>>> print(open('work.pdb').read())   # PDB, C-alpha atoms
ATOM      1  CA  ASP Y   1      -3.088  43.601 -48.557
ATOM      2  CA  ALA Y   2      -2.236  45.538 -45.414
ATOM      3  CA  GLY Y   3      -4.282  48.596 -46.408
ATOM      4  CA  ALA Y   4      -3.419  52.289 -46.486
ATOM      5  CA  GLU Y   5      -2.056  52.294 -42.946
ATOM      6  CA  ASP Y   6       0.888  50.192 -44.121
ATOM      7  CA  PHE Y   7       2.186  53.234 -45.968
ATOM      8  CA  TYR Y   8       2.180  55.353 -42.813
ATOM      9  CA  GLN Y   9       2.866  52.965 -39.941
ATOM     10  CA  GLY Y  10       3.589  49.490 -41.317
ATOM     11  CA  GLU Y  11       6.266  47.669 -43.256
ATOM     12  CA  ILE Y  12       6.178  50.054 -46.207
ATOM     13  CA  ALA Y  13       6.618  52.981 -43.817
ATOM     14  CA  ARG Y  14       9.659  51.344 -42.229
ATOM     15  CA  ASP Y  15      11.210  50.737 -45.662
ATOM     16  CA  LEU Y  16      10.534  54.329 -46.702
ATOM     17  CA  VAL Y  17      12.207  55.687 -43.589
ATOM     18  CA  ARG Y  18      15.236  53.369 -43.920
ATOM     19  CA  ASP Y  19      15.732  54.395 -47.545
ATOM     20  CA  ALA Y  20      15.326  58.054 -46.684
ATOM     21  CA  GLN Y  21      17.860  57.873 -43.867
ATOM     22  CA  ASP Y  22      20.343  56.023 -46.084
ATOM     23  CA  LEU Y  23      20.069  58.843 -48.633
ATOM     24  CA  GLY Y  24      20.210  61.658 -46.091
ATOM     25  CA  ILE Y  25      16.568  62.653 -46.514
ATOM     26  CA  PRO Y  26      15.193  64.058 -43.205
ATOM     27  CA  LEU Y  27      12.097  61.823 -43.102
ATOM     28  CA  THR Y  28      11.176  60.047 -39.856
ATOM     29  CA  ALA Y  29       8.670  57.434 -38.748
ATOM     30  CA  ALA Y  30       6.900  60.165 -36.765
ATOM     31  CA  ASP Y  31       6.446  62.221 -39.951
ATOM     32  CA  LEU Y  32       4.617  59.371 -41.658
ATOM     33  CA  ALA Y  33       2.615  58.302 -38.603
ATOM     34  CA  GLY Y  34       1.485  61.877 -37.980
ATOM     35  CA  TYR Y  35       0.140  62.461 -41.469
ATOM     36  CA  GLU Y  36      -3.605  63.105 -41.759
ATOM     37  CA  PRO Y  37      -5.618  63.736 -44.928
ATOM     38  CA  HIS Y  38      -7.333  67.096 -45.194
ATOM     39  CA  LEU Y  39     -10.998  66.679 -46.141
ATOM     40  CA  THR Y  40     -13.051  69.670 -47.247
ATOM     41  CA  GLU Y  41     -16.342  70.418 -48.948
ATOM     42  CA  VAL Y  42     -16.180  71.253 -52.641
ATOM     43  CA  GLU Y  43     -16.678  74.813 -53.817
ATOM     44  CA  ARG Y  44     -19.970  74.791 -55.704
ATOM     45  CA  GLY Y  45     -20.173  77.489 -58.361
ATOM     46  CA  ALA Y  46     -22.311  78.175 -61.396
ATOM     47  CA  TYR Y  47     -21.617  79.003 -65.008
ATOM     48  CA  ARG Y  48     -24.366  79.946 -67.458
ATOM     49  CA  GLY Y  49     -26.984  77.698 -65.864
ATOM     50  CA  SER Y  50     -24.621  74.799 -65.208
ATOM     51  CA  GLU Y  51     -23.193  73.733 -61.855
ATOM     52  CA  ILE Y  52     -19.419  73.619 -61.360
ATOM     53  CA  ASP Y  53     -17.871  71.682 -58.460
ATOM     54  CA  LEU Y  54     -14.314  72.799 -57.690
ATOM     55  CA  VAL Y  55     -11.608  72.042 -55.152
ATOM     56  CA  PRO Y  56     -11.220  75.154 -52.947
ATOM     57  CA  GLY Y  57      -8.221  76.487 -51.068
ATOM     58  CA  LEU Y  58      -4.640  76.376 -52.319
ATOM     59  CA  THR Y  59      -5.440  74.782 -55.676
ATOM     60  CA  ALA Y  60      -6.289  76.195 -59.091
ATOM     61  CA  GLY Y  61     -10.024  75.843 -58.376
ATOM     62  CA  PRO Y  62     -10.510  79.470 -57.233
ATOM     63  CA  THR Y  63      -8.609  80.721 -60.302
ATOM     64  CA  LEU Y  64     -10.806  78.637 -62.604
ATOM     65  CA  GLU Y  65     -13.911  80.031 -60.902
ATOM     66  CA  TYR Y  66     -12.597  83.583 -61.353
ATOM     67  CA  ALA Y  67     -11.896  82.967 -65.065
ATOM     68  CA  LEU Y  68     -15.359  81.516 -65.641
ATOM     69  CA  GLY Y  69     -16.942  84.526 -63.946
ATOM     70  CA  ALA Y  70     -15.107  86.847 -66.316
ATOM     71  CA  LEU Y  71     -16.049  84.698 -69.301
ATOM     72  CA  GLU Y  72     -19.744  84.656 -68.428
ATOM     73  CA  GLN Y  73     -19.673  88.432 -68.194
ATOM     74  CA  HIS Y  74     -17.923  89.088 -71.507
ATOM     75  CA  LEU Y  75     -18.704  86.176 -73.866
ATOM     76  CA  ASP Y  76     -21.833  86.032 -76.009
ATOM     77  CA  PRO Y  77     -21.706  82.542 -77.592
ATOM     78  CA  ALA Y  78     -23.704  83.408 -80.707
ATOM     79  CA  THR Y  79     -21.954  80.975 -83.074
ATOM     80  CA  GLU Y  80     -22.059  77.180 -83.319
ATOM     81  CA  THR Y  81     -18.362  76.866 -82.450
ATOM     82  CA  PRO Y  82     -15.930  79.329 -80.840
ATOM     83  CA  ASP Y  83     -15.028  82.168 -83.238
ATOM     84  CA  ALA Y  84     -12.276  84.785 -83.106
ATOM     85  CA  GLN Y  85     -14.260  86.887 -80.631
ATOM     86  CA  ALA Y  86     -14.677  83.871 -78.332
ATOM     87  CA  TYR Y  87     -10.952  83.074 -78.313
ATOM     88  CA  ALA Y  88     -10.132  86.733 -77.671
ATOM     89  CA  THR Y  89     -12.500  86.585 -74.691
ATOM     90  CA  TYR Y  90     -10.855  83.350 -73.487
ATOM     91  CA  ALA Y  91      -7.495  85.148 -73.511
ATOM     92  CA  ARG Y  92      -8.887  88.212 -71.732
ATOM     93  CA  SER Y  93     -10.564  86.122 -69.012
ATOM     94  CA  LEU Y  94      -7.428  84.062 -68.404
ATOM     95  CA  PHE Y  95      -5.195  87.134 -68.212
ATOM     96  CA  ASP Y  96      -7.547  88.602 -65.598
ATOM     97  CA  ALA Y  97      -7.646  85.331 -63.654
ATOM     98  CA  PHE Y  98      -3.855  84.903 -63.520
ATOM     99  CA  ASP Y  99      -3.361  88.543 -62.555
ATOM    100  CA  HIS Y 100      -5.708  87.896 -59.633
ATOM    101  CA  ARG Y 101      -4.030  84.576 -58.734
ATOM    102  CA  LEU Y 102      -0.508  85.962 -58.670
ATOM    103  CA  ALA Y 103      -1.534  89.117 -56.809
ATOM    104  CA  TYR Y 104      -3.738  87.632 -54.092
ATOM    105  CA  ILE Y 105      -3.071  83.884 -53.792
ATOM    106  CA  GLY Y 106       0.632  83.510 -54.520
ATOM    107  CA  ASP Y 107       3.030  82.402 -57.193
ATOM    108  CA  VAL Y 108       3.843  78.858 -58.212
ATOM    109  CA  PRO Y 109       6.894  78.224 -60.395
ATOM    110  CA  ASP Y 110       5.936  77.093 -63.867
ATOM    111  CA  THR Y 111       7.227  73.545 -64.226
ATOM    112  CA  GLY Y 112       7.502  74.071 -67.965
ATOM    113  CA  PRO Y 113       6.855  71.335 -70.501
ATOM    114  CA  SER Y 114       8.245  68.597 -68.236
ATOM    115  CA  SER Y 115       5.287  68.110 -65.921
ATOM    116  CA  HIS Y 116       4.932  64.696 -64.317
ATOM    117  CA  THR Y 117       1.325  64.979 -63.252
ATOM    118  CA  THR Y 118      -1.367  62.344 -63.776
ATOM    119  CA  HIS Y 119      -5.061  63.103 -64.045
ATOM    120  CA  LEU Y 120      -7.778  60.468 -64.269
ATOM    121  CA  ASN Y 121     -11.573  60.491 -64.285
ATOM    122  CA  VAL Y 122     -14.045  57.703 -63.558
ATOM    123  CA  ALA Y 123     -17.776  57.355 -64.213
ATOM    124  CA  ASP Y 124     -19.721  54.335 -62.974
ATOM    125  CA  ARG Y 125     -23.026  52.834 -64.119
ATOM    126  CA  ASP Y 126     -24.965  54.916 -61.582
ATOM    127  CA  GLY Y 127     -23.497  58.201 -62.791
ATOM    128  CA  ASN Y 128     -21.106  58.697 -59.878
ATOM    129  CA  LEU Y 129     -18.092  60.704 -61.017
ATOM    130  CA  VAL Y 130     -14.524  60.968 -59.742
ATOM    131  CA  SER Y 131     -11.969  63.550 -60.853
ATOM    132  CA  LEU Y 132      -8.481  62.858 -59.452
ATOM    133  CA  THR Y 133      -5.148  64.651 -59.937
ATOM    134  CA  MET Y 134      -1.844  63.487 -58.446
ATOM    135  CA  THR Y 135       1.645  64.716 -59.200
ATOM    136  CA  LEU Y 136       5.389  64.328 -58.744
ATOM    137  CA  LEU Y 137       5.661  67.979 -59.921
ATOM    138  CA  SER Y 138       8.586  68.047 -62.400
ATOM    139  CA  LEU Y 139       9.529  65.260 -64.787
ATOM    140  CA  PHE Y 140      10.223  62.212 -62.566
ATOM    141  CA  GLY Y 141       9.856  64.484 -59.534
ATOM    142  CA  SER Y 142      13.160  64.842 -57.706
ATOM    143  CA  LYS Y 143      14.563  62.013 -59.868
ATOM    144  CA  VAL Y 144      15.174  59.908 -56.749
ATOM    145  CA  THR Y 145      13.737  56.388 -56.520
ATOM    146  CA  LEU Y 146      13.799  54.716 -53.101
ATOM    147  CA  PRO Y 147      15.371  51.267 -53.653
ATOM    148  CA  ARG Y 148      13.408  49.171 -51.134
ATOM    149  CA  THR Y 149       9.963  50.297 -52.321
ATOM    150  CA  GLY Y 150      10.436  51.769 -55.816
ATOM    151  CA  VAL Y 151       8.633  54.929 -54.668
ATOM    152  CA  VAL Y 152       9.641  57.964 -56.753
ATOM    153  CA  MET Y 153      10.134  61.062 -54.605
ATOM    154  CA  ASN Y 154       8.506  64.314 -55.709
ATOM    155  CA  ASN Y 155      10.091  67.761 -55.680
ATOM    156  CA  GLY Y 156       7.035  69.449 -54.215
ATOM    157  CA  MET Y 157       9.126  71.874 -52.160
ATOM    158  CA  MET Y 158       9.339  73.836 -55.400
ATOM    159  CA  TRP Y 159       5.683  74.764 -54.899
ATOM    160  CA  PHE Y 160       6.667  77.013 -51.999
ATOM    161  CA  ASP Y 161       7.944  80.572 -52.118
ATOM    162  CA  PRO Y 162      11.514  80.436 -50.690
ATOM    163  CA  ARG Y 163      11.172  84.019 -49.416
ATOM    164  CA  PRO Y 164       9.960  84.222 -45.791
ATOM    165  CA  GLY Y 165       6.932  86.160 -44.636
ATOM    166  CA  ARG Y 166       4.788  85.569 -47.726
ATOM    167  CA  PRO Y 167       1.480  83.694 -48.065
ATOM    168  CA  ASN Y 168       3.166  80.743 -49.776
ATOM    169  CA  SER Y 169       6.433  80.714 -47.761
ATOM    170  CA  ILE Y 170       7.908  77.466 -46.398
ATOM    171  CA  ALA Y 171       6.833  76.489 -42.870
ATOM    172  CA  PRO Y 172       6.429  73.212 -40.916
ATOM    173  CA  GLY Y 173       3.194  71.405 -41.676
ATOM    174  CA  LYS Y 174       2.203  73.950 -44.303
ATOM    175  CA  ARG Y 175       0.410  73.102 -47.531
ATOM    176  CA  PRO Y 176       1.666  74.852 -50.680
ATOM    177  CA  LEU Y 177      -0.254  76.491 -53.471
ATOM    178  CA  CYS Y 178      -0.599  74.150 -56.460
ATOM    179  CA  ASN Y 179      -1.999  74.088 -59.989
ATOM    180  CA  MET Y 180      -4.156  70.966 -59.712
ATOM    181  CA  CYS Y 181      -7.729  71.556 -60.858
ATOM    182  CA  PRO Y 182     -10.018  68.468 -60.756
ATOM    183  CA  THR Y 183     -13.517  69.625 -61.701
ATOM    184  CA  ILE Y 184     -17.031  68.235 -62.047
ATOM    185  CA  LEU Y 185     -19.559  69.885 -64.359
ATOM    186  CA  LEU Y 186     -23.317  69.326 -64.106
ATOM    187  CA  ARG Y 187     -24.577  70.720 -67.408
ATOM    188  CA  SER Y 188     -27.987  72.377 -67.539
ATOM    189  CA  ASP Y 189     -29.368  69.567 -69.758
ATOM    190  CA  GLY Y 190     -28.608  66.989 -67.030
ATOM    191  CA  GLN Y 191     -25.406  65.541 -68.485
ATOM    192  CA  ARG Y 192     -22.544  65.237 -66.023
ATOM    193  CA  PHE Y 193     -18.804  65.516 -66.668
ATOM    194  CA  ALA Y 194     -15.606  64.991 -64.663
ATOM    195  CA  MET Y 195     -12.442  66.564 -66.021
ATOM    196  CA  GLY Y 196      -8.962  67.779 -65.281
ATOM    197  CA  ALA Y 197      -5.474  67.878 -66.765
ATOM    198  CA  SER Y 198      -1.752  67.726 -66.198
ATOM    199  CA  GLY Y 199       0.573  70.507 -67.275
ATOM    200  CA  GLY Y 200       1.362  72.942 -64.456
ATOM    201  CA  ARG Y 201      -0.081  76.411 -64.996
ATOM    202  CA  ARG Y 202      -1.533  75.241 -68.302
ATOM    203  CA  ILE Y 203      -4.107  73.126 -66.468
ATOM    204  CA  VAL Y 204      -6.527  75.999 -65.747
ATOM    205  CA  PRO Y 205      -6.712  77.228 -69.375
ATOM    206  CA  ALA Y 206      -7.364  73.676 -70.589
ATOM    207  CA  VAL Y 207     -10.176  72.925 -68.113
ATOM    208  CA  PHE Y 208     -11.597  76.432 -68.572
ATOM    209  CA  GLN Y 209     -11.948  76.003 -72.340
ATOM    210  CA  LEU Y 210     -13.342  72.476 -72.064
ATOM    211  CA  ILE Y 211     -16.106  73.832 -69.811
ATOM    212  CA  SER Y 212     -16.888  76.535 -72.361
ATOM    213  CA  PHE Y 213     -16.909  74.036 -75.233
ATOM    214  CA  LEU Y 214     -19.325  71.787 -73.332
ATOM    215  CA  THR Y 215     -21.655  74.512 -72.042
ATOM    216  CA  ASP Y 216     -21.502  77.502 -74.387
ATOM    217  CA  TYR Y 217     -21.385  75.420 -77.555
ATOM    218  CA  GLY Y 218     -23.031  72.166 -76.476
ATOM    219  CA  MET Y 219     -20.143  70.038 -77.708
ATOM    220  CA  SER Y 220     -19.912  66.344 -77.058
ATOM    221  CA  VAL Y 221     -16.888  64.921 -75.248
ATOM    222  CA  GLU Y 222     -15.545  63.791 -78.628
ATOM    223  CA  GLU Y 223     -15.848  67.283 -80.090
ATOM    224  CA  ALA Y 224     -14.516  69.084 -77.027
ATOM    225  CA  ILE Y 225     -11.404  66.960 -76.521
ATOM    226  CA  HIS Y 226     -10.409  67.402 -80.195
ATOM    227  CA  HIS Y 227     -11.113  71.123 -80.432
ATOM    228  CA  PRO Y 228      -8.034  73.425 -80.593
ATOM    229  CA  ARG Y 229      -7.257  75.591 -77.572
ATOM    230  CA  LEU Y 230      -5.052  78.511 -76.626
ATOM    231  CA  ASP Y 231      -2.918  78.907 -73.525
ATOM    232  CA  VAL Y 232      -2.543  81.919 -71.242
ATOM    233  CA  SER Y 233      -0.805  80.982 -68.011
ATOM    234  CA  GLY Y 234       0.863  83.868 -66.241
ATOM    235  CA  THR Y 235       3.091  85.454 -68.917
ATOM    236  CA  ASP Y 236       2.403  88.113 -71.550
ATOM    237  CA  THR Y 237       2.463  85.587 -74.392
ATOM    238  CA  VAL Y 238      -0.548  83.715 -75.763
ATOM    239  CA  THR Y 239       0.250  80.284 -77.166
ATOM    240  CA  LEU Y 240      -2.072  79.306 -80.024
ATOM    241  CA  ASP Y 241      -2.735  75.842 -81.403
ATOM    242  CA  GLY Y 242      -1.660  75.804 -85.037
ATOM    243  CA  ARG Y 243      -5.039  74.349 -86.023
ATOM    244  CA  LEU Y 244      -6.796  77.590 -85.082
ATOM    245  CA  THR Y 245      -8.090  79.613 -88.029
ATOM    246  CA  ARG Y 246      -6.266  82.594 -89.454
ATOM    247  CA  ASP Y 247      -8.881  85.068 -88.180
ATOM    248  CA  VAL Y 248      -8.417  83.780 -84.608
ATOM    249  CA  ILE Y 249      -4.633  84.095 -84.849
ATOM    250  CA  GLU Y 250      -4.852  87.611 -86.311
ATOM    251  CA  ARG Y 251      -7.394  88.716 -83.679
ATOM    252  CA  ILE Y 252      -5.213  87.549 -80.776
ATOM    253  CA  SER Y 253      -1.896  88.739 -82.244
ATOM    254  CA  ALA Y 254      -3.317  92.239 -82.710
ATOM    255  CA  ARG Y 255      -3.388  92.634 -78.917
ATOM    256  CA  HIS Y 256      -0.820  90.194 -77.496
ATOM    257  CA  PRO Y 257       2.524  88.583 -78.321
ATOM    258  CA  VAL Y 258       1.721  85.138 -79.694
ATOM    259  CA  ARG Y 259       3.442  81.921 -80.588
ATOM    260  CA  VAL Y 260       1.684  79.461 -82.877
ATOM    261  CA  ARG Y 261       2.612  75.849 -82.236
ATOM    262  CA  PRO Y 262       1.211  72.367 -82.892
ATOM    263  CA  ASP Y 263      -0.371  70.483 -80.004
ATOM    264  CA  GLY Y 264       1.903  67.541 -79.353
ATOM    265  CA  VAL Y 265       3.271  65.210 -76.736
ATOM    266  CA  TYR Y 266       6.534  67.074 -76.117
ATOM    267  CA  PRO Y 267       6.946  69.868 -75.429
ATOM    268  CA  ASN Y 268       3.437  70.024 -74.037
ATOM    269  CA  LEU Y 269       2.184  73.587 -74.547
ATOM    270  CA  PHE Y 270      -1.563  73.239 -73.960
ATOM    271  CA  ALA Y 271      -1.788  70.804 -70.991
ATOM    272  CA  CYS Y 272      -2.945  67.182 -71.231
ATOM    273  CA  PRO Y 273      -6.676  67.117 -70.454
ATOM    274  CA  SER Y 274      -9.058  64.223 -70.020
ATOM    275  CA  LEU Y 275     -12.760  63.998 -69.259
ATOM    276  CA  VAL Y 276     -15.582  61.529 -68.829
ATOM    277  CA  GLY Y 277     -19.314  62.062 -69.014
ATOM    278  CA  HIS Y 278     -22.559  60.408 -67.985
ATOM    279  CA  ASP Y 279     -25.949  60.781 -69.653
ATOM    280  CA  PRO Y 280     -28.603  59.984 -67.013
ATOM    281  CA  ASP Y 281     -31.345  59.553 -69.636
ATOM    282  CA  SER Y 282     -29.619  56.742 -71.520
ATOM    283  CA  GLY Y 283     -27.312  55.562 -68.735
ATOM    284  CA  THR Y 284     -24.405  55.892 -71.166
ATOM    285  CA  ASN Y 285     -20.870  56.819 -70.115
ATOM    286  CA  PHE Y 286     -18.343  58.357 -72.493
ATOM    287  CA  GLY Y 287     -14.817  59.680 -72.235
ATOM    288  CA  GLY Y 288     -11.885  61.246 -74.014
ATOM    289  CA  ALA Y 289      -8.216  61.885 -73.262
ATOM    290  CA  PHE Y 290      -5.265  63.949 -74.512
ATOM    291  CA  VAL Y 291      -5.451  63.146 -78.200
ATOM    292  CA  ALA Y 292      -1.763  63.600 -79.062
ATOM    293  CA  SER Y 293      -0.376  61.205 -76.465
ATOM    294  CA  PRO Y 294      -0.053  57.437 -77.012
ATOM    295  CA  ARG Y 295      -0.152  56.997 -73.229
ATOM    296  CA  ALA Y 296      -3.538  58.689 -72.762
ATOM    297  CA  ALA Y 297      -6.593  56.448 -72.898
ATOM    298  CA  ALA Y 298     -10.337  56.219 -72.429
ATOM    299  CA  ILE Y 299     -11.290  52.738 -71.225
ATOM    300  CA  ALA Y 300     -14.714  51.116 -70.836
ATOM    301  CA  GLU Y 301     -15.232  48.132 -68.528
ATOM    302  CA  SER Y 302     -18.354  46.067 -67.943
ATOM    303  CA  GLY Y 303     -19.343  44.047 -64.939
TER     304      GLY Y 303
END
>>> encode(input="work.pdb", output="structure tokens")
Amino acid sequence: DAGAEDFYQGEIARDLVRDAQDLGIPLTAADLAGYEPHLTEVERGAYRGSEIDLVPGLTAGPTLEYALGALEQHLDPATETPDAQAYATYARSLFDAFDHRLAYIGDVPDTGPSSHTTHLNVADRDGNLVSLTMTLLSLFGSKVTLPRTGVVMNNGMMWFDPRPGRPNSIAPGKRPLCNMCPTILLRSDGQRFAMGASGGRRIVPAVFQLISFLTDYGMSVEEAIHHPRLDVSGTDTVTLDGRLTRDVIERISARHPVRVRPDGVYPNLFACPSLVGHDPDSGTNFGGAFVASPRAAAIAESG
């Protein structure tokens, strides 16, 4: 009822500060009152005739753009669905992209299978799209719940490099590098999609492959969200969905160490993607979410 300012300067802010002080957390009223959102223009890129809108800066957006550039250069989508050559090119593009990310942007600790990130997408009747990612970082964040408000505290300090003098080192007022990758795709046929995922470093590979499924192979949301994926996210090992065909597994394992695993809720090895779409010709909206999870959902509302 009191609006967003209540969180920064009102009653909620006072409760947050009291709880923090009781627990020895160095949070002050001035910290909350001095917070300002950082607004920036999206990074508008292109992939094979489609438009890609990405979040720039210290996110995974630049890494996704780099991976898509490599994919467009090396992939010839000559089959109806991704074949062994396509998956080998996915792996190659992602290896290149993570090498670039870790060399020039900075390192972010892999939160492992216990990510506590939420991604949601919204499409309205007019075709406006929202792609939103928010996170506590690790499972239940810092595992501290403030008693007066019920707010769960994150452990976002883990995003920083603890070593001084590096691009991602800790400093007052500094924003850390993160893996969040909300993305909007304007496909060349006019259909529009908003997508993203949770899952730490696994987010980029998931969004990257969804874009390829939708553009290179013309999949529907239903087809794309169910299609098996691989994961390459900063290590030498390629994780392969057990539903992939034998020729794909053999092609990848001939060049890289692999582990073949089912896509499930826990441990999450392929990220938890979701996407919505809008068809401007019919005015229809459609969506899909992480198939394996009982907590994921695609919901339609009228009115």
>>> resolve_selection(input="work.pdb", expression="the PyMOL selection byres ((chain Y and resi 219-233) around 9)", output="mmCIF file with C-alpha atoms, in the frame of the given file")
data_model
loop_
_atom_site.group_PDB
_atom_site.id
_atom_site.type_symbol
_atom_site.label_atom_id
_atom_site.label_comp_id
_atom_site.auth_asym_id
_atom_site.auth_seq_id
_atom_site.Cartn_x
_atom_site.Cartn_y
_atom_site.Cartn_z
ATOM 1 C CA THR Y 81 -18.362 76.866 -82.450
ATOM 2 C CA TYR Y 87 -10.952 83.074 -78.313
ATOM 3 C CA TYR Y 90 -10.855 83.350 -73.487
ATOM 4 C CA ALA Y 91 -7.495 85.148 -73.511
ATOM 5 C CA ARG Y 92 -8.887 88.212 -71.732
ATOM 6 C CA LEU Y 94 -7.428 84.062 -68.404
ATOM 7 C CA PHE Y 95 -5.195 87.134 -68.212
ATOM 8 C CA PHE Y 98 -3.855 84.903 -63.520
ATOM 9 C CA ASP Y 110 5.936 77.093 -63.867
ATOM 10 C CA PHE Y 193 -18.804 65.516 -66.668
ATOM 11 C CA ARG Y 201 -0.081 76.411 -64.996
ATOM 12 C CA ARG Y 202 -1.533 75.241 -68.302
ATOM 13 C CA ILE Y 203 -4.107 73.126 -66.468
ATOM 14 C CA VAL Y 204 -6.527 75.999 -65.747
ATOM 15 C CA PRO Y 205 -6.712 77.228 -69.375
ATOM 16 C CA ALA Y 206 -7.364 73.676 -70.589
ATOM 17 C CA GLN Y 209 -11.948 76.003 -72.340
ATOM 18 C CA LEU Y 210 -13.342 72.476 -72.064
ATOM 19 C CA ILE Y 211 -16.106 73.832 -69.811
ATOM 20 C CA PHE Y 213 -16.909 74.036 -75.233
ATOM 21 C CA LEU Y 214 -19.325 71.787 -73.332
ATOM 22 C CA THR Y 215 -21.655 74.512 -72.042
ATOM 23 C CA ASP Y 216 -21.502 77.502 -74.387
ATOM 24 C CA TYR Y 217 -21.385 75.420 -77.555
ATOM 25 C CA GLY Y 218 -23.031 72.166 -76.476
ATOM 26 C CA GLY Y 234 0.863 83.868 -66.241
ATOM 27 C CA THR Y 235 3.091 85.454 -68.917
ATOM 28 C CA ASP Y 236 2.403 88.113 -71.550
ATOM 29 C CA THR Y 237 2.463 85.587 -74.392
ATOM 30 C CA VAL Y 238 -0.548 83.715 -75.763
ATOM 31 C CA THR Y 239 0.250 80.284 -77.166
ATOM 32 C CA LEU Y 240 -2.072 79.306 -80.024
ATOM 33 C CA ASP Y 241 -2.735 75.842 -81.403
ATOM 34 C CA GLY Y 242 -1.660 75.804 -85.037
ATOM 35 C CA ARG Y 243 -5.039 74.349 -86.023
ATOM 36 C CA LEU Y 244 -6.796 77.590 -85.082
ATOM 37 C CA ASP Y 263 -0.371 70.483 -80.004
ATOM 38 C CA LEU Y 269 2.184 73.587 -74.547
ATOM 39 C CA PHE Y 270 -1.563 73.239 -73.960
ATOM 40 C CA ALA Y 271 -1.788 70.804 -70.991
ATOM 41 C CA PRO Y 273 -6.676 67.117 -70.454
ATOM 42 C CA SER Y 274 -9.058 64.223 -70.020
ATOM 43 C CA LEU Y 275 -12.760 63.998 -69.259
ATOM 44 C CA VAL Y 276 -15.582 61.529 -68.829
ATOM 45 C CA GLY Y 277 -19.314 62.062 -69.014
ATOM 46 C CA PHE Y 286 -18.343 58.357 -72.493
ATOM 47 C CA GLY Y 287 -14.817 59.680 -72.235
ATOM 48 C CA GLY Y 288 -11.885 61.246 -74.014
ATOM 49 C CA ALA Y 289 -8.216 61.885 -73.262
ATOM 50 C CA PHE Y 290 -5.265 63.949 -74.512
ATOM 51 C CA VAL Y 291 -5.451 63.146 -78.200
#
>>> atom_distance(input="work.pdb", atom1="atom CA of Y:Leu16", atom2="atom CA of Y:Met134")
19.4 Å
>>> atom_distance(input="work.pdb", atom1="atom CA of Y:Cys181", atom2="atom CA of Y:Ala298")
19.4 Å
>>> atom_distance(input="work.pdb", atom1="atom CA of Y:Ile184", atom2="atom CA of Y:Ser131")
7.0 Å
>>> residues_near_point(input="work.pdb", point="(-11.5, 74.5, -60.1)", cutoff="9 Å", atoms="only C-alpha atoms", output="compact mmCIF listing (two decimals) with C-alpha atoms, in the frame of the given file")
# COMPACT_ATOMS: atom_id res chain seq x y z
CA GLU Y 43 -16.68 74.81 -53.82
CA ILE Y 52 -19.42 73.62 -61.36
CA ASP Y 53 -17.87 71.68 -58.46
CA LEU Y 54 -14.31 72.80 -57.69
CA VAL Y 55 -11.61 72.04 -55.15
CA PRO Y 56 -11.22 75.15 -52.95
CA THR Y 59 -5.44 74.78 -55.68
CA ALA Y 60 -6.29 76.19 -59.09
CA GLY Y 61 -10.02 75.84 -58.38
CA PRO Y 62 -10.51 79.47 -57.23
CA THR Y 63 -8.61 80.72 -60.30
CA LEU Y 64 -10.81 78.64 -62.60
CA GLU Y 65 -13.91 80.03 -60.90
CA MET Y 180 -4.16 70.97 -59.71
CA CYS Y 181 -7.73 71.56 -60.86
CA PRO Y 182 -10.02 68.47 -60.76
CA THR Y 183 -13.52 69.62 -61.70
CA ILE Y 184 -17.03 68.24 -62.05
CA GLY Y 196 -8.96 67.78 -65.28
CA VAL Y 204 -6.53 76.00 -65.75
CA VAL Y 207 -10.18 72.92 -68.11
CA PHE Y 208 -11.60 76.43 -68.57
>>> residues_around(input="work.pdb", residues="stretch 74-76 of chain Y", least_positions_apart="2", cutoff="10 Å", atoms="only C-alpha atoms", output="number ranges by chain")
Y: 68-72, 78-79, 85-90, 92-93, 212, 216
>>> closest_residue(input="work.pdb", among="Y:Tyr104, Y:Phe7, Y:Trp159, Y:Phe140", to="Y:Arg175", atoms="all atoms listed in the file")
Y:Trp159
>>> closest_residue(input="work.pdb", among="Y:Cys272, Y:Ala2, Y:Ala33, Y:Leu120", to="Y:Ala292", atoms="only C-alpha atoms")
Y:Cys272
>>> closest_residue(input="work.pdb", among="Y:Arg251, Y:Arg101, Y:Pro37, Y:Asp83", to="Y:Tyr66", atoms="all atoms listed in the file")
Y:Arg101
>>> closest_residue(input="work.pdb", among="Y:Thr245, Y:Thr40, Y:Thr149, Y:Ser198", to="Y:Ala13", atoms="all atoms listed in the file")
Y:Thr149
>>> axis_aligned_box(input="work.pdb", around="stretch 220-237 of chain Y", padding_each_side="6 Å", output="AutoDock Vina command-line options")
--center_x -8.4 --center_y 76.0 --center_z -73.4 --size_x 35.0 --size_y 36.3 --size_z 26.4
>>> resolve_selection(input="work.pdb", expression="the PyMOL selection byres ((chain Y and resi 282) around 12)", output="ChimeraX atom specification")
/Y:125-127,190-191,277-281,283-286
>>> closest_residue(input="work.pdb", among="Y:Ala300, Y:Met195, Y:Ala84, Y:Val258", to="Y:Arg246", atoms="all atoms listed in the file")
Y:Ala84
